[in-house]
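Below is protein_12.cif, which holds mmCIF, C-alpha atoms, pLDDT in the B column; chains and numbers go by the auth columns.
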```cif
data_input
loop_
_atom_site.group_PDB
_atom_site.id
_atom_site.type_symbol
_atom_site.label_atom_id
_atom_site.label_comp_id
_atom_site.label_asym_id
_atom_site.label_seq_id
_atom_site.Cartn_x
_atom_site.Cartn_y
_atom_site.Cartn_z
_atom_site.B_iso_or_equiv
_atom_site.auth_seq_id
_atom_site.auth_asym_id
ATOM 1 C CA MET A 1 0.000 0.000 0.000 78.00 79 D
ATOM 2 C CA ALA A 2 2.840 2.393 0.850 87.00 80 D
ATOM 3 C CA LEU A 3 4.536 1.668 -2.475 88.00 81 D
ATOM 4 C CA VAL A 4 1.366 2.614 -4.400 89.00 82 D
ATOM 5 C CA THR A 5 0.998 5.850 -2.410 92.00 83 D
ATOM 6 C CA TRP A 6 4.609 6.887 -2.995 91.00 84 D
ATOM 7 C CA THR A 7 4.355 6.007 -6.675 93.00 85 D
ATOM 8 C CA LEU A 8 1.228 8.141 -7.010 92.00 86 D
ATOM 9 C CA ILE A 9 2.861 11.084 -5.196 93.00 87 D
ATOM 10 C CA PHE A 10 5.976 10.784 -7.373 92.00 88 D
ATOM 11 C CA ALA A 11 3.845 10.707 -10.555 93.00 89 D
ATOM 12 C CA LEU A 12 1.928 13.829 -9.457 93.00 90 D
ATOM 13 C CA VAL A 13 5.174 15.691 -8.777 93.00 91 D
ATOM 14 C CA ILE A 14 6.482 14.752 -12.238 93.00 92 D
ATOM 15 C CA VAL A 15 3.239 15.914 -13.919 91.00 93 D
ATOM 16 C CA PHE A 16 3.288 19.179 -11.964 90.00 94 D
ATOM 17 C CA ALA A 17 6.940 19.809 -12.903 88.00 95 D
ATOM 18 C CA PHE A 18 6.196 19.109 -16.576 87.00 96 D
ATOM 19 C CA PHE A 19 3.243 21.513 -16.766 84.00 97 D
ATOM 20 C CA SER A 20 4.935 24.279 -14.782 82.00 98 D
ATOM 21 C CA SER A 21 8.026 24.112 -17.010 81.00 99 D
ATOM 22 C CA ARG A 22 5.821 24.311 -20.123 78.00 100 D
ATOM 23 C CA MET A 23 4.009 27.350 -18.740 74.00 101 D
ATOM 24 C CA THR A 24 7.226 29.218 -17.962 68.00 102 D
ATOM 25 C CA LYS A 25 8.603 28.357 -21.396 62.00 103 D
ATOM 26 C CA GLN A 26 5.456 29.811 -22.974 56.00 104 D
ATOM 27 C CA THR A 27 5.783 33.153 -21.174 53.00 105 D
ATOM 28 C CA THR A 28 9.440 33.547 -22.173 51.00 106 D
ATOM 29 C CA GLN A 29 8.963 32.807 -25.876 50.00 107 D
ATOM 30 C CA GLU A 30 9.993 35.741 -28.027 46.00 108 D
ATOM 31 C CA ASN A 31 7.235 35.430 -30.647 46.00 109 D
ATOM 32 C CA LEU A 32 4.263 35.190 -28.297 50.00 110 D
ATOM 33 C CA HIS A 33 2.472 38.467 -29.098 65.00 111 D
ATOM 34 C CA ASP A 34 -1.294 38.437 -28.896 72.00 112 D
ATOM 35 C CA THR A 35 -2.673 41.659 -30.351 81.00 113 D
ATOM 36 C CA GLY A 36 -6.227 40.370 -29.908 83.00 114 D
ATOM 37 C CA PHE A 37 -5.678 40.190 -26.163 82.00 115 D
ATOM 38 C CA ALA A 38 -4.213 43.712 -26.267 82.00 116 D
ATOM 39 C CA ILE A 39 -7.323 45.014 -28.043 86.00 117 D
ATOM 40 C CA LEU A 40 -9.577 43.391 -25.440 87.00 118 D
ATOM 41 C CA GLU A 41 -7.534 44.851 -22.569 87.00 119 D
ATOM 42 C CA PHE A 42 -7.647 48.348 -24.077 89.00 120 D
ATOM 43 C CA GLY A 43 -11.401 47.991 -24.608 89.00 121 D
ATOM 44 C CA ARG A 44 -11.830 47.081 -20.947 90.00 122 D
ATOM 45 C CA ALA A 45 -9.713 49.989 -19.768 91.00 123 D
ATOM 46 C CA PHE A 46 -11.319 52.561 -22.088 91.00 124 D
ATOM 47 C CA PRO A 47 -14.730 51.269 -23.223 91.00 125 D
ATOM 48 C CA GLY A 48 -15.722 54.554 -24.894 90.00 126 D
ATOM 49 C CA GLU A 49 -12.704 54.676 -27.239 90.00 127 D
ATOM 50 C CA ALA A 50 -12.806 53.092 -30.697 89.00 128 D
ATOM 51 C CA ILE A 51 -9.527 51.647 -32.000 90.00 129 D
ATOM 52 C CA ARG A 52 -8.649 52.697 -35.535 89.00 130 D
ATOM 53 C CA ASP A 53 -5.176 51.188 -35.968 89.00 131 D
ATOM 54 C CA LEU A 54 -2.358 49.711 -33.915 88.00 132 D
ATOM 55 C CA HIS A 55 1.337 48.945 -34.211 90.00 133 D
ATOM 56 C CA VAL A 56 3.305 46.479 -32.098 91.00 134 D
ATOM 57 C CA THR A 57 6.964 47.070 -31.289 92.00 135 D
ATOM 58 C CA ALA A 58 9.557 44.646 -32.625 89.00 136 D
ATOM 59 C CA ASP A 59 9.898 42.855 -29.290 87.00 137 D
ATOM 60 C CA GLY A 60 6.124 42.760 -28.740 85.00 138 D
ATOM 61 C CA ASN A 61 6.303 44.396 -25.325 88.00 139 D
ATOM 62 C CA ALA A 62 4.402 47.536 -26.325 91.00 140 D
ATOM 63 C CA VAL A 63 1.463 48.356 -28.556 92.00 141 D
ATOM 64 C CA PHE A 64 0.694 51.858 -29.806 92.00 142 D
ATOM 65 C CA VAL A 65 -2.941 52.539 -30.610 92.00 143 D
ATOM 66 C CA ARG A 66 -4.503 55.152 -32.875 91.00 144 D
ATOM 67 C CA LEU A 67 -8.031 55.910 -31.781 89.00 145 D
ATOM 68 C CA HIS A 68 -10.959 56.934 -33.949 86.00 146 D
ATOM 69 C CA ASP A 69 -10.900 60.597 -32.896 83.00 147 D
ATOM 70 C CA ASN A 70 -7.142 60.853 -33.688 80.00 148 D
ATOM 71 C CA LYS A 71 -6.068 60.390 -30.091 85.00 149 D
ATOM 72 C CA ALA A 72 -3.320 57.926 -29.259 89.00 150 D
ATOM 73 C CA GLY A 73 -2.990 55.184 -26.693 91.00 151 D
ATOM 74 C CA PHE A 74 -0.229 52.997 -25.372 90.00 152 D
ATOM 75 C CA MET A 75 -0.193 49.485 -23.934 91.00 153 D
ATOM 76 C CA ARG A 76 2.738 47.796 -22.265 89.00 154 D
ATOM 77 C CA ASN A 77 2.844 44.019 -21.933 84.00 155 D
ATOM 78 C CA MET A 78 3.123 43.076 -18.257 81.00 156 D
ATOM 79 C CA ARG A 79 3.347 39.265 -18.892 76.00 157 D
ATOM 80 C CA SER A 80 -0.212 38.321 -17.932 76.00 158 D
ATOM 81 C CA HIS A 81 -1.975 41.602 -18.772 79.00 159 D
ATOM 82 C CA TYR A 82 -1.488 44.917 -20.554 83.00 160 D
ATOM 83 C CA ALA A 83 -1.071 48.253 -18.765 88.00 161 D
ATOM 84 C CA CYS A 84 -3.172 50.660 -20.846 90.00 162 D
ATOM 85 C CA HIS A 85 -2.553 54.396 -21.054 89.00 163 D
ATOM 86 C CA LEU A 86 -4.475 57.053 -22.965 90.00 164 D
ATOM 87 C CA ILE A 87 -1.984 59.676 -24.123 87.00 165 D
ATOM 88 C CA GLU A 88 -3.276 63.153 -23.417 83.00 166 D
ATOM 89 C CA PRO A 89 -2.148 66.040 -25.670 81.00 167 D
ATOM 90 C CA GLY A 90 1.012 67.720 -24.439 81.00 168 D
ATOM 91 C CA THR A 91 2.059 64.909 -22.069 85.00 169 D
ATOM 92 C CA VAL A 92 4.761 63.200 -24.182 86.00 170 D
ATOM 93 C CA ARG A 93 8.240 64.022 -25.410 88.00 171 D
ATOM 94 C CA VAL A 94 9.541 61.997 -28.342 88.00 172 D
ATOM 95 C CA ARG A 95 13.128 61.688 -29.586 90.00 173 D
ATOM 96 C CA ASP A 96 14.221 59.525 -32.507 89.00 174 D
ATOM 97 C CA LEU A 97 16.726 56.713 -32.139 90.00 175 D
ATOM 98 C CA PRO A 98 19.906 56.598 -34.253 90.00 176 D
ATOM 99 C CA SER A 99 18.695 53.453 -36.057 87.00 177 D
ATOM 100 C CA GLY A 100 15.655 55.260 -37.464 86.00 178 D
ATOM 101 C CA GLN A 101 13.416 52.326 -36.597 91.00 179 D
ATOM 102 C CA GLY A 102 12.217 53.637 -33.280 92.00 180 D
ATOM 103 C CA PHE A 103 12.088 56.445 -30.794 92.00 181 D
ATOM 104 C CA SER A 104 12.468 57.266 -27.138 92.00 182 D
ATOM 105 C CA ILE A 105 9.374 58.465 -25.304 91.00 183 D
ATOM 106 C CA GLU A 106 9.118 60.376 -22.066 90.00 184 D
ATOM 107 C CA PHE A 107 5.599 60.312 -20.613 87.00 185 D
ATOM 108 C CA LEU A 108 5.230 63.363 -18.387 88.00 186 D
ATOM 109 C CA ASP A 109 2.113 62.011 -16.651 86.00 187 D
ATOM 110 C CA ALA A 110 3.249 58.359 -16.405 85.00 188 D
ATOM 111 C CA PRO A 111 7.059 58.183 -16.046 87.00 189 D
ATOM 112 C CA PHE A 112 7.031 54.438 -15.367 88.00 190 D
ATOM 113 C CA HIS A 113 6.157 53.909 -19.069 88.00 191 D
ATOM 114 C CA ASN A 114 9.203 55.854 -20.331 91.00 192 D
ATOM 115 C CA GLY A 115 11.522 53.951 -22.625 91.00 193 D
ATOM 116 C CA GLU A 116 12.949 53.281 -26.053 93.00 194 D
ATOM 117 C CA PHE A 117 10.666 51.545 -28.524 92.00 195 D
ATOM 118 C CA THR A 118 11.901 49.912 -31.723 93.00 196 D
ATOM 119 C CA PHE A 119 9.603 48.781 -34.534 93.00 197 D
ATOM 120 C CA ALA A 120 10.000 46.204 -37.295 91.00 198 D
ATOM 121 C CA SER A 121 10.313 48.946 -39.920 90.00 199 D
ATOM 122 C CA ALA A 122 11.103 52.636 -40.114 90.00 200 D
ATOM 123 C CA GLU A 123 7.691 53.207 -41.738 91.00 201 D
ATOM 124 C CA ALA A 124 5.855 51.858 -38.691 91.00 202 D
ATOM 125 C CA ALA A 125 7.961 54.046 -36.380 90.00 203 D
ATOM 126 C CA ALA A 126 7.262 57.093 -38.552 89.00 204 D
ATOM 127 C CA GLU A 127 3.526 56.411 -38.578 90.00 205 D
ATOM 128 C CA VAL A 128 3.351 56.051 -34.795 89.00 206 D
ATOM 129 C CA SER A 129 5.429 59.197 -34.329 87.00 207 D
ATOM 130 C CA LEU A 130 2.924 61.053 -36.538 86.00 208 D
ATOM 131 C CA TRP A 131 0.110 59.800 -34.303 86.00 209 D
ATOM 132 C CA LEU A 132 1.988 61.145 -31.318 84.00 210 D
ATOM 133 C CA LEU A 133 2.701 64.424 -33.112 81.00 211 D
ATOM 134 C CA GLY A 134 -1.018 64.847 -33.844 72.00 212 D
ATOM 135 C CA ASN A 135 -1.670 64.137 -30.199 58.00 213 D
ATOM 136 C CA TYR A 136 1.144 66.425 -29.075 52.00 214 D
ATOM 137 C CA ILE A 137 -0.779 69.627 -29.850 53.00 215 D
ATOM 138 C CA GLY A 138 -3.820 70.338 -27.691 50.00 216 D
ATOM 139 C CA HIS A 139 -7.231 70.955 -29.278 51.00 217 D
ATOM 140 C CA GLY A 140 -7.172 74.669 -28.374 57.00 218 D
ATOM 141 C CA ASP A 141 -3.729 75.077 -29.938 52.00 219 D
ATOM 142 C CA ARG A 142 -4.839 73.390 -33.180 50.00 220 D
ATOM 143 C CA ASP A 143 -7.141 76.305 -33.927 54.00 221 D
ATOM 144 C CA ILE A 144 -4.223 78.733 -33.538 52.00 222 D
ATOM 145 C CA VAL A 145 -1.937 76.638 -35.763 48.00 223 D
ATOM 146 C CA ALA A 146 -4.606 76.222 -38.458 51.00 224 D
ATOM 147 C CA GLY A 147 -5.242 80.002 -38.460 55.00 225 D
ATOM 148 C CA PRO A 148 -8.555 81.758 -38.876 57.00 226 D
ATOM 149 C CA ALA A 149 -10.953 80.344 -41.415 53.00 227 D
ATOM 150 C CA ALA A 150 -11.023 82.199 -44.703 49.00 228 D
ATOM 151 C CA THR A 151 -14.229 84.105 -45.287 50.00 229 D
ATOM 152 C CA SER A 152 -15.491 85.308 -48.613 45.00 230 D
#
```

Representation of the structure as structure tokens:
Amino acid sequence: MALVTWTLIFALVIVFAFFSSRMTKQTTQENLHDTGFAILEFGRAFPGEAIRDLHVTADGNAVFVRLHDNKAGFMRNMRSHYACHLIEPGTVRVRDLPSGQGFSIEFLDAPFHNGEFTFASAEAAAEVSLWLLGNYIGHGDRDIVAGPAATS
């Protein structure tokens, strides 16, 4: 009876070790980027915002979101969930990286998200930087930049 009990305990330990090692291997894989999960997380965090487009960084640890009303959002992969951030106009500073395929961002209202973000192509980095540039100027300042409307 004792032999059967110890065999069963040993088998359970082996099964537990196998499944736990598979789970840790899955979280450390480089190509495990689920943009669908990112979209769901952003929808939960900001249910009133409609996503228009998104770009994932080359390492998959960040997703930049363009919203329907030309605002921008940011999501950082935190292993089991995404930290979502709606970028308010005038709260970011962007500097390009020497490679041309990314940029460095300083979030004035959320400094824990600061970092360097590299994309798969220079075109994706340029498009995201344009989203941030459009979001960089506040709505009141856009009227000043556009100038008064021409009247006839």

Selection result for the PyMOL selection byres ((chain D and resi 133-149) around 8) on this file, as a VMD selection string
chain D and resid 108 to 111 113 116 127 to 132 150 to 156 165 to 166 195 to 198 202 206 209 212 to 213

Students should find that atom CA of D:Met101 and atom CA of D:Glu119 are spaced 21.3 Å

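When all atoms listed in the file are used to measure the gap to D:Ala161, the shortest distance among D:Met79, D:Ile117, D:Leu90, D:Ala200 belongs to D:Ile117.
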
Atom CA of D:Ser182 to atom CA of D:Ala203 measures 10.8 Å

For atom CA of D:Gly193 and atom CA of D:Leu164, the interatomic separation in Å (one decimal):
16.3 Å

Minimum-distance residue to D:Asn192, chosen among D:Ser158, D:Ser99, D:Thr83, D:Thr169 (using all atoms listed in the file):
D:Thr169

Between D:Leu211, D:Ala95, D:Ala123, D:Ala188, which has the minimum distance to D:Arg173 (counting only C-alpha atoms)?
D:Leu211

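Across D:Gly114, D:Gly126, D:Pro189, D:Gly121, the tightest approach to D:Val170 is made by D:Pro189 when counting only C-alpha atoms.
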
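Remark: for D:Phe120, the closest of the candidate residues D:Phe97, D:Phe190, D:Tyr160, D:Trp84 is D:Tyr160 (distances computed over all atoms listed in the file).
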
Where atoms are absent from stretch 145-158 of chain D, fill them in so it carries N, CA and C atoms, then output it as a PDB file, in the frame of the given file.
```pdb
ATOM      1  N   LEU D 145      -6.607  55.969 -32.058  1.00 89.00           N
ATOM      2  CA  LEU D 145      -8.031  55.910 -31.781  1.00 89.00           C
ATOM      3  C   LEU D 145      -8.813  56.635 -32.860  1.00 89.00           C
ATOM      4  N   HIS D 146     -10.113  56.412 -32.881  1.00 86.00           N
ATOM      5  CA  HIS D 146     -10.959  56.934 -33.949  1.00 86.00           C
ATOM      6  C   HIS D 146     -10.962  58.464 -34.021  1.00 86.00           C
ATOM      7  N   ASP D 147     -10.875  59.135 -32.901  1.00 83.00           N
ATOM      8  CA  ASP D 147     -10.900  60.597 -32.896  1.00 83.00           C
ATOM      9  C   ASP D 147      -9.488  61.187 -32.915  1.00 83.00           C
ATOM     10  N   ASN D 148      -8.543  60.455 -33.510  1.00 80.00           N
ATOM     11  CA  ASN D 148      -7.142  60.853 -33.688  1.00 80.00           C
ATOM     12  C   ASN D 148      -6.380  61.034 -32.386  1.00 80.00           C
ATOM     13  N   LYS D 149      -6.855  60.453 -31.321  1.00 85.00           N
ATOM     14  CA  LYS D 149      -6.068  60.390 -30.091  1.00 85.00           C
ATOM     15  C   LYS D 149      -5.160  59.176 -30.196  1.00 85.00           C
ATOM     16  N   ALA D 150      -4.246  59.060 -29.258  1.00 89.00           N
ATOM     17  CA  ALA D 150      -3.320  57.926 -29.259  1.00 89.00           C
ATOM     18  C   ALA D 150      -3.355  57.239 -27.897  1.00 89.00           C
ATOM     19  N   GLY D 151      -3.059  55.961 -27.917  1.00 91.00           N
ATOM     20  CA  GLY D 151      -2.990  55.184 -26.693  1.00 91.00           C
ATOM     21  C   GLY D 151      -1.738  54.331 -26.703  1.00 91.00           C
ATOM     22  N   PHE D 152      -1.446  53.773 -25.550  1.00 90.00           N
ATOM     23  CA  PHE D 152      -0.229  52.997 -25.372  1.00 90.00           C
ATOM     24  C   PHE D 152      -0.541  51.832 -24.441  1.00 90.00           C
ATOM     25  N   MET D 153      -0.032  50.656 -24.786  1.00 91.00           N
ATOM     26  CA  MET D 153      -0.193  49.485 -23.934  1.00 91.00           C
ATOM     27  C   MET D 153       1.160  48.814 -23.768  1.00 91.00           C
ATOM     28  N   ARG D 154       1.490  48.500 -22.544  1.00 89.00           N
ATOM     29  CA  ARG D 154       2.738  47.796 -22.265  1.00 89.00           C
ATOM     30  C   ARG D 154       2.411  46.404 -21.749  1.00 89.00           C
ATOM     31  N   ASN D 155       3.065  45.408 -22.320  1.00 84.00           N
ATOM     32  CA  ASN D 155       2.844  44.019 -21.933  1.00 84.00           C
ATOM     33  C   ASN D 155       3.482  43.768 -20.571  1.00 84.00           C
ATOM     34  N   MET D 156       2.654  43.350 -19.615  1.00 81.00           N
ATOM     35  CA  MET D 156       3.123  43.076 -18.257  1.00 81.00           C
ATOM     36  C   MET D 156       3.028  41.578 -17.958  1.00 81.00           C
ATOM     37  N   ARG D 157       3.356  40.737 -18.931  1.00 76.00           N
ATOM     38  CA  ARG D 157       3.347  39.265 -18.892  1.00 76.00           C
ATOM     39  C   ARG D 157       1.940  38.689 -18.933  1.00 76.00           C
ATOM     40  N   SER D 158       1.120  38.939 -17.942  1.00 76.00           N
ATOM     41  CA  SER D 158      -0.212  38.321 -17.932  1.00 76.00           C
ATOM     42  C   SER D 158      -1.316  39.315 -18.259  1.00 76.00           C
TER      43      SER D 158
END
```
